[in-house]
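Chemist: Structure file start_34.cif (mmCIF, C-alpha atoms, pLDDT in the B column; chains and numbers go by the auth columns) right here:
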```cif
data_data
#
loop_
_atom_site.group_PDB
_atom_site.id
_atom_site.type_symbol
_atom_site.label_atom_id
_atom_site.label_comp_id
_atom_site.label_asym_id
_atom_site.label_seq_id
_atom_site.Cartn_x
_atom_site.Cartn_y
_atom_site.Cartn_z
_atom_site.B_iso_or_equiv
_atom_site.auth_seq_id
_atom_site.auth_asym_id
ATOM 1 C CA MET A 1 0.000 0.000 0.000 84.00 22 O
ATOM 2 C CA ILE A 2 1.201 3.511 -0.698 90.00 23 O
ATOM 3 C CA ASP A 3 1.684 5.533 2.475 93.00 24 O
ATOM 4 C CA HIS A 4 2.255 8.922 0.852 96.00 25 O
ATOM 5 C CA ILE A 5 3.438 10.611 -2.321 94.00 26 O
ATOM 6 C CA GLY A 6 5.292 13.853 -2.905 91.00 27 O
ATOM 7 C CA MET A 7 5.845 16.008 -5.919 87.00 28 O
ATOM 8 C CA PRO A 8 8.042 18.986 -6.642 87.00 29 O
ATOM 9 C CA VAL A 9 6.559 22.418 -7.231 84.00 30 O
ATOM 10 C CA SER A 10 8.137 25.584 -8.580 81.00 31 O
ATOM 11 C CA ASP A 11 6.261 27.955 -6.239 87.00 32 O
ATOM 12 C CA ILE A 12 5.340 26.479 -2.847 89.00 33 O
ATOM 13 C CA ALA A 13 3.060 29.368 -1.828 91.00 34 O
ATOM 14 C CA ARG A 14 1.076 29.262 -5.064 89.00 35 O
ATOM 15 C CA ALA A 15 0.809 25.469 -4.977 89.00 36 O
ATOM 16 C CA THR A 16 -0.225 25.464 -1.310 92.00 37 O
ATOM 17 C CA ASP A 17 -2.960 28.010 -1.989 92.00 38 O
ATOM 18 C CA PHE A 18 -4.198 26.038 -5.010 88.00 39 O
ATOM 19 C CA TYR A 19 -4.331 22.677 -3.231 91.00 40 O
ATOM 20 C CA MET A 20 -5.907 24.132 -0.081 92.00 41 O
ATOM 21 C CA LYS A 21 -8.813 25.304 -2.220 93.00 42 O
ATOM 22 C CA ALA A 22 -8.961 22.388 -4.659 85.00 43 O
ATOM 23 C CA LEU A 23 -8.789 19.618 -2.053 84.00 44 O
ATOM 24 C CA ALA A 24 -11.135 21.201 0.514 90.00 45 O
ATOM 25 C CA PRO A 25 -14.288 19.669 -1.060 85.00 46 O
ATOM 26 C CA LEU A 26 -12.681 16.240 -0.617 83.00 47 O
ATOM 27 C CA GLY A 27 -12.086 16.841 3.081 90.00 48 O
ATOM 28 C CA ILE A 28 -8.321 17.063 2.537 90.00 49 O
ATOM 29 C CA ALA A 29 -6.554 19.897 4.349 94.00 50 O
ATOM 30 C CA MET A 30 -3.049 21.127 5.055 97.00 51 O
ATOM 31 C CA ILE A 31 -1.764 19.103 8.024 96.00 52 O
ATOM 32 C CA LYS A 32 1.953 19.889 8.242 95.00 53 O
ATOM 33 C CA GLN A 33 4.452 22.521 7.123 95.00 54 O
ATOM 34 C CA ILE A 34 8.194 21.889 7.226 93.00 55 O
ATOM 35 C CA SER A 35 10.697 24.680 6.689 90.00 56 O
ATOM 36 C CA ALA A 36 13.647 24.655 4.311 87.00 57 O
ATOM 37 C CA ASP A 37 15.914 24.760 7.375 89.00 58 O
ATOM 38 C CA GLN A 38 14.362 21.532 8.628 88.00 59 O
ATOM 39 C CA THR A 39 14.567 19.661 5.310 82.00 60 O
ATOM 40 C CA GLY A 40 17.960 20.992 4.290 82.00 61 O
ATOM 41 C CA HIS A 41 16.802 21.929 0.794 82.00 62 O
ATOM 42 C CA GLY A 42 13.299 23.367 0.385 88.00 63 O
ATOM 43 C CA ALA A 43 10.089 23.860 2.309 92.00 64 O
ATOM 44 C CA ALA A 44 7.442 21.138 2.233 94.00 65 O
ATOM 45 C CA VAL A 45 3.704 21.089 2.868 95.00 66 O
ATOM 46 C CA GLY A 46 1.705 17.964 3.680 95.00 67 O
ATOM 47 C CA PHE A 47 -2.010 17.566 2.984 94.00 68 O
ATOM 48 C CA GLY A 48 -4.200 14.796 4.362 94.00 69 O
ATOM 49 C CA THR A 49 -7.021 13.786 6.663 94.00 70 O
ATOM 50 C CA ASP A 50 -7.368 12.721 10.286 94.00 71 O
ATOM 51 C CA GLY A 51 -4.028 14.288 11.197 94.00 72 O
ATOM 52 C CA LYS A 52 -1.992 12.242 8.694 94.00 73 O
ATOM 53 C CA PRO A 53 -0.457 13.897 5.641 96.00 74 O
ATOM 54 C CA PHE A 54 -0.326 11.685 2.559 95.00 75 O
ATOM 55 C CA PHE A 55 0.122 14.210 -0.260 93.00 76 O
ATOM 56 C CA TRP A 56 3.253 16.365 -0.075 93.00 77 O
ATOM 57 C CA LEU A 57 4.443 19.355 -2.070 90.00 78 O
ATOM 58 C CA GLY A 58 8.160 20.069 -2.047 89.00 79 O
ATOM 59 C CA GLU A 59 9.870 23.342 -2.899 85.00 80 O
ATOM 60 C CA GLY A 60 13.185 23.699 -4.616 70.00 81 O
ATOM 61 C CA ASP A 61 12.877 21.275 -7.494 58.00 82 O
ATOM 62 C CA LYS A 62 11.441 22.032 -10.872 62.00 83 O
ATOM 63 C CA ALA A 63 7.903 20.837 -11.421 57.00 84 O
ATOM 64 C CA GLY A 64 8.022 17.684 -13.513 58.00 85 O
ATOM 65 C CA ASP A 65 11.257 16.474 -11.907 69.00 86 O
ATOM 66 C CA HIS A 66 11.524 13.364 -9.792 76.00 87 O
ATOM 67 C CA VAL A 67 8.710 12.178 -7.588 85.00 88 O
ATOM 68 C CA HIS A 68 8.635 10.674 -4.102 89.00 89 O
ATOM 69 C CA VAL A 69 6.632 7.556 -3.281 91.00 90 O
ATOM 70 C CA ALA A 70 6.517 5.994 0.179 91.00 91 O
ATOM 71 C CA PHE A 71 5.337 2.442 0.733 88.00 92 O
ATOM 72 C CA ALA A 72 3.781 1.477 4.064 91.00 93 O
ATOM 73 C CA ALA A 73 5.712 -1.119 6.046 92.00 94 O
ATOM 74 C CA GLN A 74 4.247 -3.131 8.911 91.00 95 O
ATOM 75 C CA SER A 75 7.433 -3.071 10.993 94.00 96 O
ATOM 76 C CA ARG A 76 10.817 -1.425 11.272 97.00 97 O
ATOM 77 C CA ALA A 77 12.364 -4.742 10.228 94.00 98 O
ATOM 78 C CA GLU A 78 10.444 -4.478 6.935 93.00 99 O
ATOM 79 C CA VAL A 79 11.846 -0.978 6.419 94.00 100 O
ATOM 80 C CA ASP A 80 15.359 -2.299 6.982 96.00 101 O
ATOM 81 C CA ALA A 81 14.765 -5.240 4.617 94.00 102 O
ATOM 82 C CA PHE A 82 13.412 -2.911 1.914 91.00 103 O
ATOM 83 C CA TYR A 83 16.455 -0.671 2.180 94.00 104 O
ATOM 84 C CA HIS A 84 18.970 -3.518 1.857 93.00 105 O
ATOM 85 C CA ALA A 85 17.042 -5.212 -0.953 92.00 106 O
ATOM 86 C CA ALA A 86 16.781 -1.948 -2.892 92.00 107 O
ATOM 87 C CA LEU A 87 20.515 -1.254 -2.555 92.00 108 O
ATOM 88 C CA ALA A 88 21.276 -4.814 -3.681 92.00 109 O
ATOM 89 C CA ALA A 89 19.021 -4.248 -6.691 87.00 110 O
ATOM 90 C CA GLY A 90 21.027 -1.169 -7.722 87.00 111 O
ATOM 91 C CA ALA A 91 19.389 1.723 -5.882 91.00 112 O
ATOM 92 C CA LYS A 92 21.448 4.529 -4.389 92.00 113 O
ATOM 93 C CA ASP A 93 21.237 5.414 -0.714 97.00 114 O
ATOM 94 C CA ASN A 94 19.143 8.499 0.002 96.00 115 O
ATOM 95 C CA GLY A 95 18.701 8.028 3.762 96.00 116 O
ATOM 96 C CA ALA A 96 19.501 4.929 5.814 98.00 117 O
ATOM 97 C CA PRO A 97 16.784 3.368 7.997 98.00 118 O
ATOM 98 C CA GLY A 98 16.083 5.392 11.094 98.00 119 O
ATOM 99 C CA LEU A 99 13.721 7.587 13.031 98.00 120 O
ATOM 100 C CA ARG A 100 12.651 10.851 11.423 96.00 121 O
ATOM 101 C CA PRO A 101 11.140 12.792 14.381 94.00 122 O
ATOM 102 C CA ILE A 102 10.712 15.841 12.145 90.00 123 O
ATOM 103 C CA TYR A 103 7.522 14.077 10.966 92.00 124 O
ATOM 104 C CA HIS A 104 6.467 12.410 14.240 93.00 125 O
ATOM 105 C CA ALA A 105 8.025 10.472 17.128 96.00 126 O
ATOM 106 C CA ASN A 106 7.556 6.975 15.634 97.00 127 O
ATOM 107 C CA TYR A 107 8.290 7.788 11.980 97.00 128 O
ATOM 108 C CA TYR A 108 10.842 5.156 10.934 97.00 129 O
ATOM 109 C CA GLY A 109 11.806 5.328 7.276 96.00 130 O
ATOM 110 C CA ALA A 110 14.461 4.527 4.727 95.00 131 O
ATOM 111 C CA PHE A 111 15.021 6.265 1.399 95.00 132 O
ATOM 112 C CA VAL A 112 16.638 5.159 -1.851 91.00 133 O
ATOM 113 C CA LEU A 113 16.921 6.598 -5.340 88.00 134 O
ATOM 114 C CA ASP A 114 15.700 4.258 -8.046 83.00 135 O
ATOM 115 C CA PRO A 115 17.554 3.960 -11.381 76.00 136 O
ATOM 116 C CA ASP A 116 15.723 7.051 -12.676 69.00 137 O
ATOM 117 C CA GLY A 117 16.459 9.137 -9.590 81.00 138 O
ATOM 118 C CA ASN A 118 13.004 8.896 -8.023 82.00 139 O
ATOM 119 C CA ASN A 119 12.970 9.005 -4.220 89.00 140 O
ATOM 120 C CA ILE A 120 11.464 5.719 -3.012 88.00 141 O
ATOM 121 C CA GLU A 121 10.767 5.174 0.675 92.00 142 O
ATOM 122 C CA ALA A 122 9.500 2.506 3.035 92.00 143 O
ATOM 123 C CA VAL A 123 8.010 3.820 6.279 94.00 144 O
ATOM 124 C CA CYS A 124 6.626 2.349 9.474 96.00 145 O
ATOM 125 C CA HIS A 125 4.583 4.516 11.850 96.00 146 O
ATOM 126 C CA ALA A 126 4.300 1.975 14.665 96.00 147 O
ATOM 127 C CA PRO A 127 6.275 2.337 17.880 94.00 148 O
ATOM 128 C CA ALA A 128 9.292 0.056 18.302 87.00 149 O
#
```
With the file now loaded, output its structure as structure tokens.

Modeler:
Amino acid sequence: MIDHIGMPVSDIARATDFYMKALAPLGIAMIKQISADQTGHGAAVGFGTDGKPFFWLGEGDKAGDHVHVAFAAQSRAEVDAFYHAALAAGAKDNGAPGLRPIYHANYYGAFVLDPDGNNIEAVCHAPA
């Protein structure tokens, strides 16, 4: 199952305004904002429901560039296994397995770049 997806935007303020209005009828709202200082590259905005963002906009890349897809894992061991299997299959490291408290206290994810440079993640939200 897909946990969340992210896409680059050329103007984060314009995109945020657009999606706040366009997604409101679907019950989807802005849940989280992360600054460029926190990400290390560009600001990000997460939209979702019930307190969980599942659609992210990321600043700093050109629209149409690489995408980000995160697959839901049932355990941290699955995240670790995904990471090692992806590297063995030819992916490049983009973030070793570990906690990412910037998102929430139990966010445990691993990131790789696929052969086309897309950011692929496995994430577990369960406590250890």

Chemist: In Å to one decimal, how far is CA of Met22 in chain O from CA of Ala107 in chain O?

Modeler: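 If I compute the distance from CA of Ala107 in chain O to CA of Met22 in chain O, I get 17.1 Å.
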
Chemist: Counting all atoms listed in the file, which of O:Ala50, O:Ala143, O:Lys42, O:His89 gets nearest to Asp71 in chain O?

Modeler: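 Using all atoms listed in the file, Asp71 in chain O sits closest to O:Ala50.
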
Chemist: Of the candidates O:His146, O:His62, O:Lys73, O:Arg121, which one gets nearest to Ile49 in chain O if we count only C-alpha atoms?

Modeler: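 Smallest separation from Ile49 in chain O among the options: O:Lys73.
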
Chemist: May I ask which of the residues O:Val88, O:Ala45, O:Met51, O:Leu134 is the closest one to Tyr104 in chain O, counting all atoms listed in the file?

Modeler: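 For Tyr104 in chain O, the nearest of the candidates is O:Leu134.
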
Chemist: Set the distance at 10 Å and use only C-alpha atoms: which residues neighbour Ser56 in chain O once local chain neighbours fewer than 4 positions away are removed? I'd like the list as a tab-separated table (two decimals) with C-alpha atoms, in the coordinates of the input.

Modeler:
```tsv
chain	number	residue	atom	x	y	z
O	60	THR	CA	14.57	19.66	5.31
O	61	GLY	CA	17.96	20.99	4.29
O	62	HIS	CA	16.80	21.93	0.79
O	63	GLY	CA	13.30	23.37	0.38
O	64	ALA	CA	10.09	23.86	2.31
O	65	ALA	CA	7.44	21.14	2.23
O	66	VAL	CA	3.70	21.09	2.87
O	80	GLU	CA	9.87	23.34	-2.90
```

Chemist: Nearest to Ile141 in chain O: which of O:Pro122, O:Gly79, O:Pro74, O:Gly116 is it, counting all atoms listed in the file?

Modeler: O:Gly116

Chemist: At the level of N, CA and C atoms, write range 27-65 of chain O to a file as an mmCIF file, in the first residue's frame, please.

Modeler:
```cif
data_model
loop_
_atom_site.group_PDB
_atom_site.id
_atom_site.type_symbol
_atom_site.label_atom_id
_atom_site.label_comp_id
_atom_site.auth_asym_id
_atom_site.auth_seq_id
_atom_site.Cartn_x
_atom_site.Cartn_y
_atom_site.Cartn_z
ATOM 1 N N GLY O 27 4.879 12.456 -2.869
ATOM 2 C CA GLY O 27 5.292 13.853 -2.905
ATOM 3 C C GLY O 27 5.674 14.262 -4.303
ATOM 4 N N MET O 28 5.456 15.518 -4.601
ATOM 5 C CA MET O 28 5.845 16.008 -5.919
ATOM 6 C C MET O 28 6.447 17.389 -5.807
ATOM 7 N N PRO O 29 7.405 17.674 -6.676
ATOM 8 C CA PRO O 29 8.042 18.986 -6.642
ATOM 9 C C PRO O 29 7.153 20.060 -7.246
ATOM 10 N N VAL O 30 7.286 21.268 -6.706
ATOM 11 C CA VAL O 30 6.559 22.418 -7.231
ATOM 12 C C VAL O 30 7.532 23.589 -7.381
ATOM 13 N N SER O 31 7.249 24.448 -8.325
ATOM 14 C CA SER O 31 8.137 25.584 -8.580
ATOM 15 C C SER O 31 7.858 26.765 -7.663
ATOM 16 N N ASP O 32 6.637 26.852 -7.120
ATOM 17 C CA ASP O 32 6.261 27.955 -6.239
ATOM 18 C C ASP O 32 5.404 27.377 -5.109
ATOM 19 N N ILE O 33 6.022 27.158 -3.954
ATOM 20 C CA ILE O 33 5.340 26.479 -2.847
ATOM 21 C C ILE O 33 4.121 27.250 -2.350
ATOM 22 N N ALA O 34 4.200 28.574 -2.304
ATOM 23 C CA ALA O 34 3.060 29.368 -1.828
ATOM 24 C C ALA O 34 1.878 29.246 -2.783
ATOM 25 N N ARG O 35 2.147 29.374 -4.064
ATOM 26 C CA ARG O 35 1.076 29.262 -5.064
ATOM 27 C C ARG O 35 0.458 27.870 -5.046
ATOM 28 N N ALA O 36 1.303 26.839 -4.983
ATOM 29 C CA ALA O 36 0.809 25.469 -4.977
ATOM 30 C C ALA O 36 0.006 25.176 -3.709
ATOM 31 N N THR O 37 0.491 25.671 -2.575
ATOM 32 C CA THR O 37 -0.225 25.464 -1.310
ATOM 33 C C THR O 37 -1.606 26.096 -1.382
ATOM 34 N N ASP O 38 -1.679 27.312 -1.861
ATOM 35 C CA ASP O 38 -2.960 28.010 -1.989
ATOM 36 C C ASP O 38 -3.906 27.228 -2.912
ATOM 37 N N PHE O 39 -3.384 26.798 -4.050
ATOM 38 C CA PHE O 39 -4.198 26.038 -5.010
ATOM 39 C C PHE O 39 -4.754 24.771 -4.371
ATOM 40 N N TYR O 40 -3.884 23.953 -3.772
ATOM 41 C CA TYR O 40 -4.331 22.677 -3.231
ATOM 42 C C TYR O 40 -5.214 22.835 -1.991
ATOM 43 N N MET O 41 -5.005 23.890 -1.208
ATOM 44 C CA MET O 41 -5.907 24.132 -0.081
ATOM 45 C C MET O 41 -7.330 24.317 -0.579
ATOM 46 N N LYS O 42 -7.479 25.038 -1.657
ATOM 47 C CA LYS O 42 -8.813 25.304 -2.220
ATOM 48 C C LYS O 42 -9.358 24.099 -2.981
ATOM 49 N N ALA O 43 -8.500 23.479 -3.803
ATOM 50 C CA ALA O 43 -8.961 22.388 -4.659
ATOM 51 C C ALA O 43 -9.296 21.119 -3.880
ATOM 52 N N LEU O 44 -8.575 20.858 -2.800
ATOM 53 C CA LEU O 44 -8.789 19.618 -2.053
ATOM 54 C C LEU O 44 -9.811 19.747 -0.930
ATOM 55 N N ALA O 45 -10.176 20.980 -0.573
ATOM 56 C CA ALA O 45 -11.135 21.201 0.514
ATOM 57 C C ALA O 45 -12.449 20.439 0.314
ATOM 58 N N PRO O 46 -13.033 20.409 -0.887
ATOM 59 C CA PRO O 46 -14.288 19.669 -1.060
ATOM 60 C C PRO O 46 -14.148 18.170 -0.808
ATOM 61 N N LEU O 47 -12.918 17.658 -0.858
ATOM 62 C CA LEU O 47 -12.681 16.240 -0.617
ATOM 63 C C LEU O 47 -12.375 15.957 0.855
ATOM 64 N N GLY O 48 -12.391 17.006 1.666
ATOM 65 C CA GLY O 48 -12.086 16.841 3.081
ATOM 66 C C GLY O 48 -10.598 16.726 3.367
ATOM 67 N N ILE O 49 -9.781 17.122 2.397
ATOM 68 C CA ILE O 49 -8.321 17.063 2.537
ATOM 69 C C ILE O 49 -7.823 18.466 2.841
ATOM 70 N N ALA O 50 -7.030 18.593 3.898
ATOM 71 C CA ALA O 50 -6.554 19.897 4.349
ATOM 72 C C ALA O 50 -5.045 19.856 4.583
ATOM 73 N N MET O 51 -4.458 21.040 4.716
ATOM 74 C CA MET O 51 -3.049 21.127 5.055
ATOM 75 C C MET O 51 -2.885 20.661 6.502
ATOM 76 N N ILE O 52 -1.979 19.700 6.705
ATOM 77 C CA ILE O 52 -1.764 19.103 8.024
ATOM 78 C C ILE O 52 -0.416 19.531 8.606
ATOM 79 N N LYS O 53 0.594 19.669 7.741
ATOM 80 C CA LYS O 53 1.953 19.889 8.242
ATOM 81 C C LYS O 53 2.717 20.796 7.294
ATOM 82 N N GLN O 54 3.518 21.688 7.875
ATOM 83 C CA GLN O 54 4.452 22.521 7.123
ATOM 84 C C GLN O 54 5.841 22.284 7.695
ATOM 85 N N ILE O 55 6.811 22.106 6.806
ATOM 86 C CA ILE O 55 8.194 21.889 7.226
ATOM 87 C C ILE O 55 9.058 22.917 6.502
ATOM 88 N N SER O 56 9.888 23.600 7.253
ATOM 89 C CA SER O 56 10.697 24.680 6.689
ATOM 90 C C SER O 56 11.880 24.135 5.901
ATOM 91 N N ALA O 57 12.442 25.011 5.071
ATOM 92 C CA ALA O 57 13.647 24.655 4.311
ATOM 93 C C ALA O 57 14.799 24.341 5.259
ATOM 94 N N ASP O 58 14.870 25.045 6.383
ATOM 95 C CA ASP O 58 15.914 24.760 7.375
ATOM 96 C C ASP O 58 15.797 23.340 7.909
ATOM 97 N N GLN O 59 14.576 22.882 8.097
ATOM 98 C CA GLN O 59 14.362 21.532 8.628
ATOM 99 C C GLN O 59 14.668 20.451 7.601
ATOM 100 N N THR O 60 14.338 20.686 6.334
ATOM 101 C CA THR O 60 14.567 19.661 5.310
ATOM 102 C C THR O 60 15.988 19.694 4.774
ATOM 103 N N GLY O 61 16.623 20.859 4.841
ATOM 104 C CA GLY O 61 17.960 20.992 4.290
ATOM 105 C C GLY O 61 17.985 21.351 2.821
ATOM 106 N N HIS O 62 16.825 21.514 2.201
ATOM 107 C CA HIS O 62 16.802 21.929 0.794
ATOM 108 C C HIS O 62 15.653 22.871 0.477
ATOM 109 N N GLY O 63 14.424 22.491 0.678
ATOM 110 C CA GLY O 63 13.299 23.367 0.385
ATOM 111 C C GLY O 63 12.150 23.085 1.324
ATOM 112 N N ALA O 64 11.257 24.034 1.449
ATOM 113 C CA ALA O 64 10.089 23.860 2.309
ATOM 114 C C ALA O 64 9.189 22.755 1.755
ATOM 115 N N ALA O 65 8.385 22.179 2.635
ATOM 116 C CA ALA O 65 7.442 21.138 2.233
ATOM 117 C C ALA O 65 6.121 21.364 2.964
#
```
